[in-house]
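Chemist: The following file, final02.cif, comprises mmCIF, C-alpha atoms and all ligand atoms:
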```cif
data_model
loop_
_atom_site.label_atom_id
_atom_site.label_comp_id
_atom_site.auth_asym_id
_atom_site.auth_seq_id
_atom_site.Cartn_x
_atom_site.Cartn_y
_atom_site.Cartn_z
CA MET V 853 264.87 69.17 202.58
CA LYS V 854 263.17 68.33 205.84
CA CYS V 855 263.42 70.33 209.04
CA LEU V 856 262.59 69.21 212.55
CA ASN V 857 259.36 71.22 212.48
CA ASP V 858 258.02 68.76 209.90
CA TYR V 859 257.64 66.25 212.75
CA ARG V 860 255.71 66.14 216.00
CA MET V 861 256.46 64.10 219.09
CA THR V 862 253.57 62.64 221.08
CA ILE V 863 254.08 61.96 224.77
CA GLY V 864 250.96 60.89 226.63
CA ASP V 865 248.20 63.10 225.21
CA HIS V 866 250.55 65.89 224.26
CA GLU V 867 251.60 66.70 220.75
CA LEU V 868 254.90 68.54 220.97
CA VAL V 869 257.63 70.15 218.93
CA PRO V 870 260.15 67.28 219.09
CA ILE V 871 262.74 69.14 221.15
CA MET V 872 263.55 68.53 224.81
CA ILE V 873 266.10 70.66 226.55
CA GLY V 874 267.86 68.19 228.84
CA GLY V 875 268.28 68.50 232.58
CA MET V 876 271.58 70.02 233.64
CA GLY V 877 272.44 70.11 237.31
CA VAL V 878 273.10 72.12 239.34
CA ASP V 879 270.59 74.70 238.14
CA ILE V 880 272.34 74.97 234.76
CA SER V 881 269.05 74.03 233.13
CA SER V 882 267.38 76.80 235.07
CA THR V 883 263.70 77.55 235.42
CA ASP V 884 264.07 80.36 232.87
CA LEU V 885 265.62 77.99 230.34
CA ALA V 886 262.99 75.29 230.82
CA LEU V 887 260.20 77.85 230.51
CA VAL V 888 261.38 78.85 227.03
CA ALA V 889 261.08 75.26 225.79
CA SER V 890 257.57 74.83 227.16
CA ARG V 891 256.46 78.22 225.79
CA LEU V 892 257.60 77.09 222.35
CA ASP V 893 255.65 73.81 222.70
CA GLY V 894 258.67 71.63 223.40
CA VAL V 895 259.84 70.14 226.69
CA GLY V 896 262.02 71.95 229.21
CA THR V 897 263.72 70.22 232.12
CA ILE V 898 264.71 71.60 235.48
CA SER V 899 267.04 69.57 237.68
CA ASP V 900 266.44 68.66 241.30
CA ALA V 901 270.16 68.29 242.02
CA MET V 902 271.05 70.13 245.22
CA SER V 903 267.62 71.76 245.38
CA GLN V 904 268.25 73.15 248.86
CA THR V 905 271.20 75.25 247.83
CA VAL V 906 269.38 76.20 244.62
CA THR V 907 266.36 77.56 246.50
CA ASP V 908 268.65 79.30 249.01
CA ARG V 909 270.28 81.15 246.13
CA ARG V 910 267.17 81.80 244.09
CA TYR V 911 264.49 82.27 246.71
CA LYS V 912 266.42 83.27 249.86
CA THR V 913 265.63 80.17 251.94
CA ARG V 914 268.16 79.00 254.59
CA PHE V 915 268.32 75.25 254.15
CA VAL V 916 272.11 74.98 253.88
CA LYS V 917 272.79 77.18 256.92
CA ASP V 918 270.32 75.18 258.99
CA LYS V 919 271.96 71.89 258.00
CA VAL V 920 275.47 73.16 258.74
CA LYS V 921 274.34 74.33 262.17
CA LEU V 922 273.16 70.82 263.01
CA TYR V 923 276.36 69.10 261.91
CA LYS V 924 279.10 71.56 262.90
CA HIS V 925 280.70 68.85 265.00
CA THR V 926 281.49 66.63 262.00
CA VAL V 927 283.33 69.33 260.01
CA GLY V 928 286.90 68.13 259.49
CA LYS V 929 286.04 64.58 260.56
CA THR V 930 286.28 61.67 258.17
CA ASP V 931 283.07 59.97 259.25
CA LYS V 932 280.04 61.66 257.70
CA SER V 933 277.55 58.86 258.30
CA GLU V 934 275.67 61.05 260.78
CA VAL V 935 275.12 63.90 258.30
CA GLN V 936 271.54 63.34 257.25
CA PHE V 937 269.09 65.42 255.27
CA ASP V 938 265.87 66.45 256.94
CA LEU V 939 263.19 64.89 254.71
CA ALA V 940 260.77 67.75 255.39
CA HIS V 941 263.40 70.21 254.20
CA ILE V 942 263.98 68.26 251.01
CA ALA V 943 260.24 68.24 250.38
CA SER V 944 259.92 71.92 250.95
CA ALA V 945 262.94 72.91 248.81
CA GLN V 946 261.63 70.73 246.01
CA ALA V 947 258.13 72.20 246.35
CA ILE V 948 259.47 75.75 246.14
CA HIS V 949 261.67 74.94 243.14
CA VAL V 950 258.90 73.20 241.21
CA THR V 951 256.05 75.55 242.16
CA LYS V 952 258.06 78.65 241.24
CA THR V 953 258.66 77.05 237.86
CA MET V 954 255.20 75.68 237.11
CA ASP V 955 253.48 78.92 238.18
CA ARG V 956 255.19 80.71 235.29
CA LYS V 957 254.59 78.08 232.65
CA GLN V 958 253.12 79.22 229.33
CA GLY V 959 252.43 77.55 226.00
CA ASN V 960 251.46 73.99 225.25
CA GLY V 961 254.81 72.44 226.09
CA LEU V 962 255.81 70.53 229.20
CA ILE V 963 258.22 70.87 232.08
CA TYR V 964 259.97 67.84 233.46
CA ILE V 965 262.34 67.45 236.39
CA ASN V 966 265.58 65.49 236.09
CA VAL V 967 266.05 63.16 239.06
CA MET V 968 269.45 61.50 239.38
CA GLU V 969 269.56 58.24 241.33
CA LYS V 970 273.25 58.67 242.09
CA LEU V 971 272.43 61.47 244.51
CA GLY V 972 272.23 59.08 247.43
CA MET V 973 272.01 61.84 250.03
CA ASN V 974 273.07 59.43 252.80
CA ASN V 975 269.64 57.79 252.67
CA PRO V 976 269.00 56.86 249.04
CA LYS V 977 265.53 55.38 249.13
CA ALA V 978 263.77 57.80 251.46
CA THR V 979 265.32 60.90 249.94
CA LEU V 980 264.54 59.79 246.38
CA GLN V 981 260.95 59.10 247.35
CA VAL V 982 260.53 62.54 248.91
CA ARG V 983 262.15 64.25 245.93
CA MET V 984 259.73 62.59 243.50
CA GLU V 985 256.61 62.89 245.67
CA SER V 986 257.19 66.52 246.36
CA ALA V 987 257.74 67.35 242.67
CA MET V 988 254.52 65.47 241.83
CA ASP V 989 252.61 67.32 244.57
CA ALA V 990 253.90 70.62 243.20
CA GLY V 991 252.49 69.91 239.74
CA ILE V 992 255.48 68.83 237.67
CA ASP V 993 254.49 67.48 234.24
CA GLY V 994 257.04 64.69 234.21
CA ILE V 995 260.05 63.06 235.82
CA THR V 996 263.16 62.11 233.89
CA LEU V 997 264.94 59.34 235.77
CA SER V 998 268.68 59.62 235.19
CA ALA V 999 272.15 58.71 236.47
CA GLY V 1000 271.25 55.22 237.60
CA LEU V 1001 269.29 52.16 236.57
CA HIS V 1002 266.24 53.26 238.61
CA LEU V 1003 265.05 49.71 239.02
CA GLY V 1004 262.91 50.57 242.04
CA SER V 1005 262.30 54.31 241.64
CA MET V 1006 258.84 54.30 240.10
CA ALA V 1007 257.61 51.84 242.71
CA LEU V 1008 258.48 54.36 245.41
CA VAL V 1009 255.69 56.66 244.19
CA LYS V 1010 253.18 54.11 242.92
CA ASP V 1011 250.57 55.17 245.46
CA HIS V 1012 250.83 58.85 244.66
CA PRO V 1013 247.50 60.23 243.33
CA ARG V 1014 249.30 61.60 240.25
CA PHE V 1015 251.22 58.38 239.50
CA ASN V 1016 249.35 57.80 236.27
CA ASP V 1017 249.18 61.47 235.21
CA VAL V 1018 252.82 62.45 235.61
CA HIS V 1019 255.01 61.39 232.69
CA PHE V 1020 257.90 59.13 233.63
CA GLY V 1021 260.91 58.67 231.42
CA ILE V 1022 264.15 56.78 231.80
CA ILE V 1023 267.55 57.69 230.40
CA VAL V 1024 269.45 54.67 229.11
CA SER V 1025 272.62 54.21 227.12
CA SER V 1026 271.97 50.65 226.03
CA LEU V 1027 269.14 48.32 225.12
CA ARG V 1028 270.20 46.09 228.01
CA ALA V 1029 269.66 48.83 230.56
CA LEU V 1030 266.21 49.50 229.10
CA GLN V 1031 265.25 45.82 229.16
CA LEU V 1032 266.30 45.57 232.80
CA PHE V 1033 264.32 48.70 233.69
CA LEU V 1034 261.17 47.41 231.97
CA ARG V 1035 261.50 43.97 233.52
CA LYS V 1036 261.89 45.34 237.04
CA ASN V 1037 258.93 47.68 236.63
CA LYS V 1038 256.60 45.19 235.00
CA SER V 1039 254.50 44.63 238.10
CA LEU V 1040 253.55 48.31 238.21
CA ASN V 1041 251.45 47.86 235.08
CA ARG V 1042 252.60 51.21 233.91
CA LEU V 1043 255.08 51.72 231.11
CA PRO V 1044 257.36 54.74 231.01
CA ASN V 1045 255.94 57.56 228.85
CA PHE V 1046 259.23 58.12 227.10
CA ILE V 1047 262.72 56.68 226.81
CA ILE V 1048 265.78 58.84 226.33
CA VAL V 1049 268.64 57.08 224.60
CA GLU V 1050 271.76 58.99 225.54
CA GLY V 1051 274.84 58.30 223.44
CA PRO V 1052 278.51 58.76 224.31
CA LEU V 1053 278.81 62.34 223.03
CA ALA V 1054 276.45 63.81 225.65
CA GLY V 1055 277.36 66.27 228.36
CA GLY V 1056 277.64 65.47 232.05
CA HIS V 1057 278.00 61.89 233.25
CA LEU V 1058 278.17 59.10 230.70
CA GLY V 1059 276.49 55.71 230.89
CA PHE V 1060 279.51 54.05 229.24
CA GLY V 1061 282.90 52.90 230.47
CA ILE V 1062 285.90 55.21 230.48
CA ASP V 1063 287.72 52.91 228.07
CA ASP V 1064 284.92 52.03 225.69
CA TRP V 1065 282.68 55.07 225.24
CA GLN V 1066 284.30 55.80 221.87
CA ASP V 1067 283.08 52.42 220.58
CA TYR V 1068 279.42 53.41 220.71
CA ASP V 1069 277.26 55.50 218.48
CA LEU V 1070 273.96 57.21 219.28
CA LEU V 1071 272.08 56.39 216.10
CA THR V 1072 273.08 52.72 216.24
CA ILE V 1073 271.76 52.41 219.81
CA THR V 1074 268.63 54.38 218.88
CA ARG V 1075 267.87 52.06 215.95
CA GLU V 1076 268.49 49.01 218.13
CA VAL V 1077 266.14 50.26 220.88
CA CYS V 1078 263.42 51.26 218.37
CA ALA V 1079 263.61 47.89 216.60
CA TRP V 1080 263.31 45.99 219.86
CA LEU V 1081 260.35 48.08 221.05
CA GLU V 1082 258.60 47.42 217.76
CA GLU V 1083 259.29 43.72 218.04
CA GLN V 1084 257.78 43.75 221.53
CA GLN V 1085 254.84 45.84 220.26
CA LEU V 1086 255.63 48.50 222.82
CA SER V 1087 254.70 51.96 221.70
CA ILE V 1088 256.94 54.26 223.73
CA PRO V 1089 258.50 57.38 222.19
CA VAL V 1090 262.28 57.24 222.03
CA ILE V 1091 264.20 60.48 222.36
CA ALA V 1092 267.79 60.57 221.09
CA ALA V 1093 270.40 62.60 222.98
CA GLY V 1094 274.08 63.36 222.79
CA GLY V 1095 275.99 65.31 220.17
CA ILE V 1096 272.95 66.55 218.22
CA PHE V 1097 274.23 69.98 217.24
CA THR V 1098 272.12 71.10 214.27
CA GLY V 1099 268.53 70.78 213.13
CA THR V 1100 269.80 68.39 210.50
CA ASP V 1101 271.42 66.15 213.14
CA ALA V 1102 268.02 66.12 214.84
CA VAL V 1103 266.21 65.19 211.62
CA ASN V 1104 268.71 62.34 211.15
CA ALA V 1105 267.86 61.05 214.63
CA VAL V 1106 264.14 61.17 213.86
CA GLU V 1107 264.73 59.40 210.57
CA ALA V 1108 266.56 56.69 212.54
CA GLY V 1109 263.37 56.07 214.51
CA ALA V 1110 263.45 58.60 217.35
CA ALA V 1111 260.31 60.56 218.17
CA GLY V 1112 262.39 63.57 219.11
CA VAL V 1113 265.70 64.76 220.47
CA GLN V 1114 267.06 65.87 223.82
CA VAL V 1115 269.67 68.57 223.48
CA ALA V 1116 271.68 70.51 226.02
CA THR V 1117 275.13 71.74 224.98
CA ARG V 1118 273.83 74.36 222.52
CA PHE V 1119 271.81 75.89 225.39
CA THR V 1120 274.70 76.16 227.86
CA ILE V 1121 275.56 79.56 226.40
CA ALA V 1122 271.97 80.83 226.26
CA LYS V 1123 271.17 83.96 228.23
CA GLU V 1124 268.62 81.97 230.26
CA CYS V 1125 271.05 79.15 231.17
CA GLY V 1126 272.03 79.08 234.84
CA LEU V 1127 275.80 79.12 234.31
CA PRO V 1128 277.51 82.41 235.17
CA ASP V 1129 278.30 84.50 232.08
CA ASP V 1130 282.07 84.20 232.53
CA VAL V 1131 281.76 80.39 232.50
CA LYS V 1132 279.66 80.59 229.32
CA GLN V 1133 282.56 82.50 227.76
CA GLU V 1134 284.93 79.64 228.79
CA TYR V 1135 282.67 77.21 226.94
CA LEU V 1136 282.69 79.50 223.92
CA LYS V 1137 286.48 79.85 223.94
CA SER V 1138 287.16 76.13 224.24
CA ASP V 1139 288.91 74.05 221.60
CA GLU V 1140 288.32 70.40 220.91
CA ASP V 1141 291.49 69.31 222.70
CA ASN V 1142 290.36 71.16 225.81
CA ILE V 1143 287.51 68.68 226.35
CA GLU V 1144 288.16 65.44 228.20
CA VAL V 1145 286.29 62.50 229.63
CA ASN V 1146 287.74 61.66 233.03
CA THR V 1147 287.03 59.66 236.16
CA ILE V 1148 287.11 62.36 238.82
CA SER V 1149 283.37 62.29 239.53
CA PRO V 1150 282.67 60.51 242.84
CA THR V 1151 279.58 58.98 241.21
CA GLY V 1152 281.83 56.44 239.49
CA TYR V 1153 280.52 57.45 236.06
CA PRO V 1154 282.92 58.94 233.51
CA MET V 1155 282.27 62.64 233.10
CA ARG V 1156 283.03 65.04 230.26
CA MET V 1157 284.41 68.44 231.19
CA LEU V 1158 286.71 71.25 230.16
CA LYS V 1159 290.30 70.48 231.17
CA ASN V 1160 290.71 73.95 232.65
CA SER V 1161 287.83 73.47 235.13
CA PRO V 1162 288.95 75.02 238.43
CA ALA V 1163 287.58 71.96 240.25
CA ILE V 1164 290.24 69.64 238.87
CA CYS V 1165 292.88 68.79 241.53
CA LYS V 1166 291.45 71.37 243.89
CA GLY V 1167 291.82 69.48 247.17
CA ILE V 1168 289.25 71.23 249.36
CA GLN V 1169 288.04 69.80 252.66
CA PRO V 1170 284.90 67.64 252.13
CA ASN V 1171 281.87 69.84 252.58
CA CYS V 1172 279.14 67.30 253.35
CA GLU V 1173 277.69 69.34 256.20
CA SER V 1174 276.58 71.94 253.65
CA PHE V 1175 275.80 69.56 250.82
CA GLY V 1176 276.43 65.80 251.10
CA TYR V 1177 274.33 64.90 248.07
CA LEU V 1178 276.73 62.16 246.96
CA LEU V 1179 276.94 60.33 250.27
CA ASP V 1180 275.87 56.74 249.69
CA SER V 1181 273.73 54.60 251.99
CA LYS V 1182 276.68 54.20 254.36
CA GLY V 1183 277.51 57.91 254.45
CA ARG V 1184 280.55 57.52 252.20
CA CYS V 1185 281.77 59.39 249.17
CA SER V 1186 284.88 58.50 247.17
CA TYR V 1187 286.04 62.12 247.31
CA ILE V 1188 286.35 61.83 251.11
CA ASP V 1189 288.54 58.74 250.68
CA ALA V 1190 290.70 60.44 248.03
CA TYR V 1191 291.04 63.54 250.20
CA ASN V 1192 292.00 61.55 253.29
CA ALA V 1193 294.59 59.56 251.35
CA GLU V 1194 296.26 62.81 250.24
CA VAL V 1195 296.17 64.25 253.74
CA ALA V 1196 297.83 61.08 255.06
CA LYS V 1197 300.55 61.40 252.42
CA HIS V 1198 301.25 65.06 253.24
CA PRO V 1199 300.41 65.46 256.94
CA ASP V 1200 302.17 68.82 257.32
CA ALA V 1201 301.01 70.45 254.11
CA LYS V 1202 298.82 73.55 254.43
CA LYS V 1203 297.32 72.98 251.01
CA ILE V 1204 296.91 69.70 249.19
CA GLU V 1205 295.90 68.69 245.70
CA VAL V 1206 293.37 65.91 245.20
CA CYS V 1207 293.40 64.87 241.57
CA GLU V 1208 291.84 61.43 241.75
CA LYS V 1209 288.34 62.71 242.57
CA THR V 1210 286.63 66.07 242.93
CA CYS V 1211 284.31 67.36 245.63
CA LEU V 1212 281.52 67.47 243.06
CA CYS V 1213 278.81 69.05 245.25
CA THR V 1214 280.98 72.04 246.10
CA ALA V 1215 282.38 72.26 242.59
CA MET V 1216 278.95 72.25 240.98
CA ARG V 1217 277.56 74.71 243.50
CA LYS V 1218 280.39 77.11 242.73
CA PHE V 1219 280.21 76.46 238.97
CA GLU V 1220 283.82 75.29 239.03
CA CYS V 1221 283.29 71.91 237.38
CA TRP V 1222 282.73 72.83 233.76
CA THR V 1223 280.98 69.72 232.61
CA CYS V 1224 280.13 69.92 228.95
CA GLY V 1225 279.16 68.05 225.81
CA SER V 1226 281.52 66.80 223.13
CA THR V 1227 280.44 69.59 220.77
CA THR V 1228 281.19 72.47 223.15
CA TYR V 1229 284.14 73.59 221.02
CA ARG V 1230 281.67 74.27 218.18
CA LEU V 1231 279.61 76.74 220.21
CA LYS V 1232 281.72 79.64 218.95
CA ASP V 1233 280.32 78.90 215.48
CA THR V 1234 276.77 79.47 216.72
CA THR V 1235 277.17 83.10 217.69
CA VAL V 1236 279.08 86.29 216.91
CA LYS V 1237 281.92 88.12 218.64
CA ASN V 1238 281.26 91.37 220.48
CA PRO V 1239 283.55 94.33 219.78
CA ASP V 1240 285.37 93.64 223.11
CA GLY V 1241 286.30 90.11 221.96
CA SER V 1242 283.75 88.30 224.11
CA TYR V 1243 281.00 86.27 222.45
CA LEU V 1244 277.38 87.36 222.25
CA LEU V 1245 275.13 85.11 224.33
CA PRO V 1246 272.13 84.08 222.22
CA ASP V 1247 268.72 83.73 223.76
CA ALA V 1248 267.27 80.27 224.21
CA GLU V 1249 264.39 80.96 221.82
CA HIS V 1250 266.86 81.63 219.03
CA ILE V 1251 268.65 78.31 219.65
CA PHE V 1252 265.38 76.39 219.98
CA LYS V 1253 264.06 77.79 216.70
CA ASP V 1254 267.38 77.10 214.98
CA TYR V 1255 266.95 73.42 215.87
CA GLN V 1256 263.32 73.56 214.83
CA PHE V 1257 263.60 75.24 211.45
CA SER V 1258 267.15 74.98 210.11
CA VAL V 1259 268.07 72.75 207.19
CA GLY V 1260 271.27 71.61 205.49
CA ASN V 1261 273.29 71.57 208.73
CA LYS V 1262 273.14 75.37 208.80
CA ILE V 1263 273.17 77.35 212.01
CA SER V 1264 271.64 80.80 212.05
CA LEU V 1265 273.68 83.33 214.00
CA PRO V 1266 271.86 85.38 216.62
CA ASP V 1267 272.24 88.76 214.94
CA SER V 1268 270.75 87.44 211.74
CA VAL V 1269 267.38 86.74 213.40
CA SER V 1270 265.12 89.35 214.92
C1 LIG U 1301 276.53 71.13 231.28
C2 LIG U 1301 275.73 69.86 231.24
C3 LIG U 1301 275.22 69.32 232.41
C4 LIG U 1301 274.44 68.16 232.37
N1 LIG U 1301 273.91 67.68 233.53
C5 LIG U 1301 273.07 66.62 233.49
C6 LIG U 1301 272.42 66.18 234.67
O1 LIG U 1301 272.56 66.78 235.74
N2 LIG U 1301 271.60 65.10 234.58
C7 LIG U 1301 271.39 64.44 233.40
O2 LIG U 1301 270.64 63.47 233.35
N3 LIG U 1301 272.00 64.85 232.26
C8 LIG U 1301 272.81 65.92 232.28
N4 LIG U 1301 273.37 66.38 231.12
C9 LIG U 1301 273.03 65.68 229.85
C10 LIG U 1301 271.92 66.43 229.08
O3 LIG U 1301 270.73 66.48 229.79
C11 LIG U 1301 271.67 65.86 227.69
O4 LIG U 1301 271.05 64.61 227.71
C12 LIG U 1301 272.90 65.73 226.81
O5 LIG U 1301 273.91 66.62 227.15
C13 LIG U 1301 272.50 65.96 225.35
O6 LIG U 1301 273.62 66.02 224.52
P1 LIG U 1301 274.21 67.41 223.96
O7 LIG U 1301 274.68 68.18 225.17
O8 LIG U 1301 275.31 66.99 223.07
O9 LIG U 1301 273.10 68.13 223.25
C14 LIG U 1301 274.17 67.54 231.13
C15 LIG U 1301 274.69 68.10 229.95
C16 LIG U 1301 275.45 69.24 229.99
C17 LIG U 1301 275.95 69.82 228.71
#
```
Turn the structure described in the file into structure tokens.

Modeler:
Amino acid sequence: MKCLNDYRMTIGDHELVPIMIGGMGVDISSTDLALVASRLDGVGTISDAMSQTVTDRRYKTRFVKDKVKLYKHTVGKTDKSEVQFDLAHIASAQAIHVTKTMDRKQGNGLIYINVMEKLGMNNPKATLQVRMESAMDAGIDGITLSAGLHLGSMALVKDHPRFNDVHFGIIVSSLRALQLFLRKNKSLNRLPNFIIVEGPLAGGHLGFGIDDWQDYDLLTITREVCAWLEEQQLSIPVIAAGGIFTGTDAVNAVEAGAAGVQVATRFTIAKECGLPDDVKQEYLKSDEDNIEVNTISPTGYPMRMLKNSPAICKGIQPNCESFGYLLDSKGRCSYIDAYNAEVAKHPDAKKIEVCEKTCLCTAMRKFECWTCGSTTYRLKDTTVKNPDGSYLLPDAEHIFKDYQFSVGNKISLPDSVS
């Protein structure tokens, strides 16, 4: 019987254990988590989502306070078009986040940064450019372009001195999205270094419709993408992601043509994962019917989460002065519209509920939007219960090696490995 360790994944000049730990914002795929993957010769991913608040929390900077000070006058107002990010601050938060990660890197693996296009930050093009340039300056090994089609993203950094050294990858959920991406980037004369095919069982936002995600299947899309690349004589490693829960699932993906897998859900309960421990216990306690795909994300993408996430129907005042990462090019966010509609309906209410959308920046910052993968309810089978009834949190190395070496769909429990 084969295990994942029987294969190697080559990206650029690097021969890797074929496991990527996927980016999970906001700081769920923490530096500590990513470092484990690179130490074990795989790929770890940090996320650049809300990097200013992340560095404030981790490294005692004051980016959020400084921004709030500037925009006090728009608090409580509906028009947030004025609330802009300072590009120098974005660059410096990103530089701190990436440098503090890369300085601690060990092993022969790689560290990528997940860059979501949907974070428009009230100035989509300029902010995206600064986010990527600054990560490249700070020595990141690669950029995973996600949450968007990214038709113009690579062009924004084409003159950067590391443009040809840094690995670029795109996350797609269909062959069509990949074809469009490649067509639009043709003039750069630089192919992506990897392609992540993310199926409908993944965590976080989904690249499918709310009504049709059930109709798709990861291995079918993976085979389709691999066949097309071969037909075009394009040699780009394809990484399969979404619902890969065991080493055997991973081997099946590789047998379907993938060079490796991107996994995330199994690591959400790792000691090194950025979620607070009590939230990890919520993931561990969850049942299958407690997981839903809904439309409350202001990004417009369907999102999978636990139904008991505190963020659902919360109804807080929009907090764009502190965050504002989802403001589009016109300074709008669909949460603001949903909030205002509720306020108009209940003008005298002290507290309102907004169920149509959630204030995702605030919810993610406070770890109150428990976004998760479709297999979250199986996490309890990957660990043991403590005498007090809580679950033991495994370390990331244990989970990584379980993917790497297990066979026959088996999962080794943390106390059975030294
Ligand atoms: C809690 C959580 C948060 C996630 N956040 C992001 C994100 O910010 N950006 C992104 O591109 N993918 C995100 N993902 C998707 C993962 O990177 C990964 O591709 C996917 O979840 C793999 O499927 P699996 O979780 O079933 O292993 C997230 C996944 C989870 C579980």

Chemist: Counting all atoms listed in the file, what is within 8 Å of region 1144-1147 of chain V, bar same-chain residues fewer than 4 positions away, as a PyMOL selection string?

Modeler: chain V and resi 1062+1152-1159+1208-1209

Chemist: Please indicate the distance in Å from atom C14 of ligand LIG 1301 (chain U) to CA of Asp1069 (chain V), rounded to one decimal place.

Modeler: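 Going from atom C14 of ligand LIG 1301 (chain U) over to CA of Asp1069 (chain V) covers 17.7 Å.
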
Chemist: Hey, which bits of chain V sit within 6 Å of ligand LIG 1301 (chain U), and for each residue what's the closest pair of atoms and how far apart in Å (one decimal), counting all atoms listed in the file, rows by chain and increasing number, as JSON lines?

Modeler:
```
{"residue": "V:Gly874", "atom": "CA", "partner": "U:LIG1301", "partner_atom": "O3", "distance": 3.5}
{"residue": "V:Gly875", "atom": "CA", "partner": "U:LIG1301", "partner_atom": "O3", "distance": 4.2}
{"residue": "V:Met876", "atom": "CA", "partner": "U:LIG1301", "partner_atom": "N1", "distance": 3.3}
{"residue": "V:Gly877", "atom": "CA", "partner": "U:LIG1301", "partner_atom": "O1", "distance": 3.7}
{"residue": "V:Ser998", "atom": "CA", "partner": "U:LIG1301", "partner_atom": "O2", "distance": 4.7}
{"residue": "V:Ala999", "atom": "CA", "partner": "U:LIG1301", "partner_atom": "O2", "distance": 5.9}
{"residue": "V:Leu1053", "atom": "CA", "partner": "U:LIG1301", "partner_atom": "O8", "distance": 5.8}
{"residue": "V:Ala1054", "atom": "CA", "partner": "U:LIG1301", "partner_atom": "O6", "distance": 3.8}
{"residue": "V:Gly1055", "atom": "CA", "partner": "U:LIG1301", "partner_atom": "C15", "distance": 3.6}
{"residue": "V:Gly1056", "atom": "CA", "partner": "U:LIG1301", "partner_atom": "C14", "distance": 4.1}
{"residue": "V:Ala1093", "atom": "CA", "partner": "U:LIG1301", "partner_atom": "C13", "distance": 4.6}
{"residue": "V:Gly1094", "atom": "CA", "partner": "U:LIG1301", "partner_atom": "O6", "distance": 3.2}
{"residue": "V:Gly1095", "atom": "CA", "partner": "U:LIG1301", "partner_atom": "O8", "distance": 3.4}
{"residue": "V:Ile1096", "atom": "CA", "partner": "U:LIG1301", "partner_atom": "O9", "distance": 5.3}
{"residue": "V:Gln1114", "atom": "CA", "partner": "U:LIG1301", "partner_atom": "C13", "distance": 5.7}
{"residue": "V:Val1115", "atom": "CA", "partner": "U:LIG1301", "partner_atom": "O9", "distance": 3.5}
{"residue": "V:Ala1116", "atom": "CA", "partner": "U:LIG1301", "partner_atom": "O7", "distance": 3.9}
{"residue": "V:Thr1117", "atom": "CA", "partner": "U:LIG1301", "partner_atom": "O7", "distance": 3.6}
{"residue": "V:Thr1223", "atom": "CA", "partner": "U:LIG1301", "partner_atom": "C1", "distance": 4.9}
{"residue": "V:Cys1224", "atom": "CA", "partner": "U:LIG1301", "partner_atom": "C17", "distance": 4.2}
{"residue": "V:Gly1225", "atom": "CA", "partner": "U:LIG1301", "partner_atom": "O7", "distance": 4.5}
```

Chemist: Which residues of region 1172-1218 of chain V have any atom within 10 Å of an atom in region 892-912 of chain V when counting all atoms listed in the file, and what is the closest pair of atoms for each, with the distance in Å to one decimal? Order the rows by chain and rising number and write it as JSON lines.

Modeler:
```
{"residue": "V:Ser1174", "atom": "CA", "partner": "V:Thr905", "partner_atom": "CA", "distance": 8.6}
{"residue": "V:Phe1175", "atom": "CA", "partner": "V:Met902", "partner_atom": "CA", "distance": 7.4}
{"residue": "V:Gly1176", "atom": "CA", "partner": "V:Met902", "partner_atom": "CA", "distance": 9.1}
{"residue": "V:Tyr1177", "atom": "CA", "partner": "V:Met902", "partner_atom": "CA", "distance": 6.8}
{"residue": "V:Leu1178", "atom": "CA", "partner": "V:Met902", "partner_atom": "CA", "distance": 9.9}
{"residue": "V:Cys1213", "atom": "CA", "partner": "V:Met902", "partner_atom": "CA", "distance": 7.8}
{"residue": "V:Met1216", "atom": "CA", "partner": "V:Met902", "partner_atom": "CA", "distance": 9.2}
{"residue": "V:Arg1217", "atom": "CA", "partner": "V:Thr905", "partner_atom": "CA", "distance": 7.7}
```

Chemist: Hey, can you spit out that residue selection with C-alpha atoms as a PDB file, in the frame of the given file?

Modeler:
```pdb
ATOM      1  CA  SER V1174     276.580  71.940 253.650  1.00  0.00           C
ATOM      2  CA  PHE V1175     275.800  69.560 250.820  1.00  0.00           C
ATOM      3  CA  GLY V1176     276.430  65.800 251.100  1.00  0.00           C
ATOM      4  CA  TYR V1177     274.330  64.900 248.070  1.00  0.00           C
ATOM      5  CA  LEU V1178     276.730  62.160 246.960  1.00  0.00           C
ATOM      6  CA  CYS V1213     278.810  69.050 245.250  1.00  0.00           C
ATOM      7  CA  MET V1216     278.950  72.250 240.980  1.00  0.00           C
ATOM      8  CA  ARG V1217     277.560  74.710 243.500  1.00  0.00           C
TER       9      ARG V1217
END
```

Chemist: Could you work out how far CA of Cys1221 (chain V) lies from CA of Ile1164 (chain V), giving the answer in Å with one decimal?

Modeler: 7.5 Å

Chemist: Can you tell me, as an MDAnalysis selection string, what residues are no more than 7 Å from Pro870 (chain V) when counting all atoms listed in the file, ignoring any on the same chain fewer than 6 positions away?

Modeler: chainID V and resid 859:861 894 1111:1113

Chemist: What is the distance between CA of Lys924 (chain V) and CA of Val878 (chain V), in Å to one decimal?

Modeler: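 Going from CA of Lys924 (chain V) over to CA of Val878 (chain V), I get 24.3 Å.
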
Chemist: Excluding Thr862 (chain V) and its own-chain neighbours fewer than 5 positions away, which residues fall within 8 Å of it when counting all atoms listed in the file? Please give them as JSON, numbers by chain.

Modeler: {"V": [867, 868, 1089, 1111]}

Chemist: Considering all atoms listed in the file, can you say which of V:Leu1136, V:Ile963, V:Val1195, V:Leu1244 comes closest to Thr951 (chain V)?

Modeler: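 Nearest candidate to Thr951 (chain V) out of V:Leu1136, V:Ile963, V:Val1195, V:Leu1244: V:Ile963.
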
Chemist: Is it possible to produce a file of region 1119-1123 of chain V from this structure, with C-alpha atoms, as a CSV table (one decimal), in the first residue's frame?

Modeler:
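What landed in decode_25.csv:
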```csv
chain,number,residue,atom,x,y,z
V,1119,PHE,CA,-4.5,21.6,11.3
V,1120,THR,CA,-7.2,23.9,12.8
V,1121,ILE,CA,-6.9,22.0,16.1
V,1122,ALA,CA,-3.1,21.8,16.1
V,1123,LYS,CA,-1.3,23.5,19.1
```
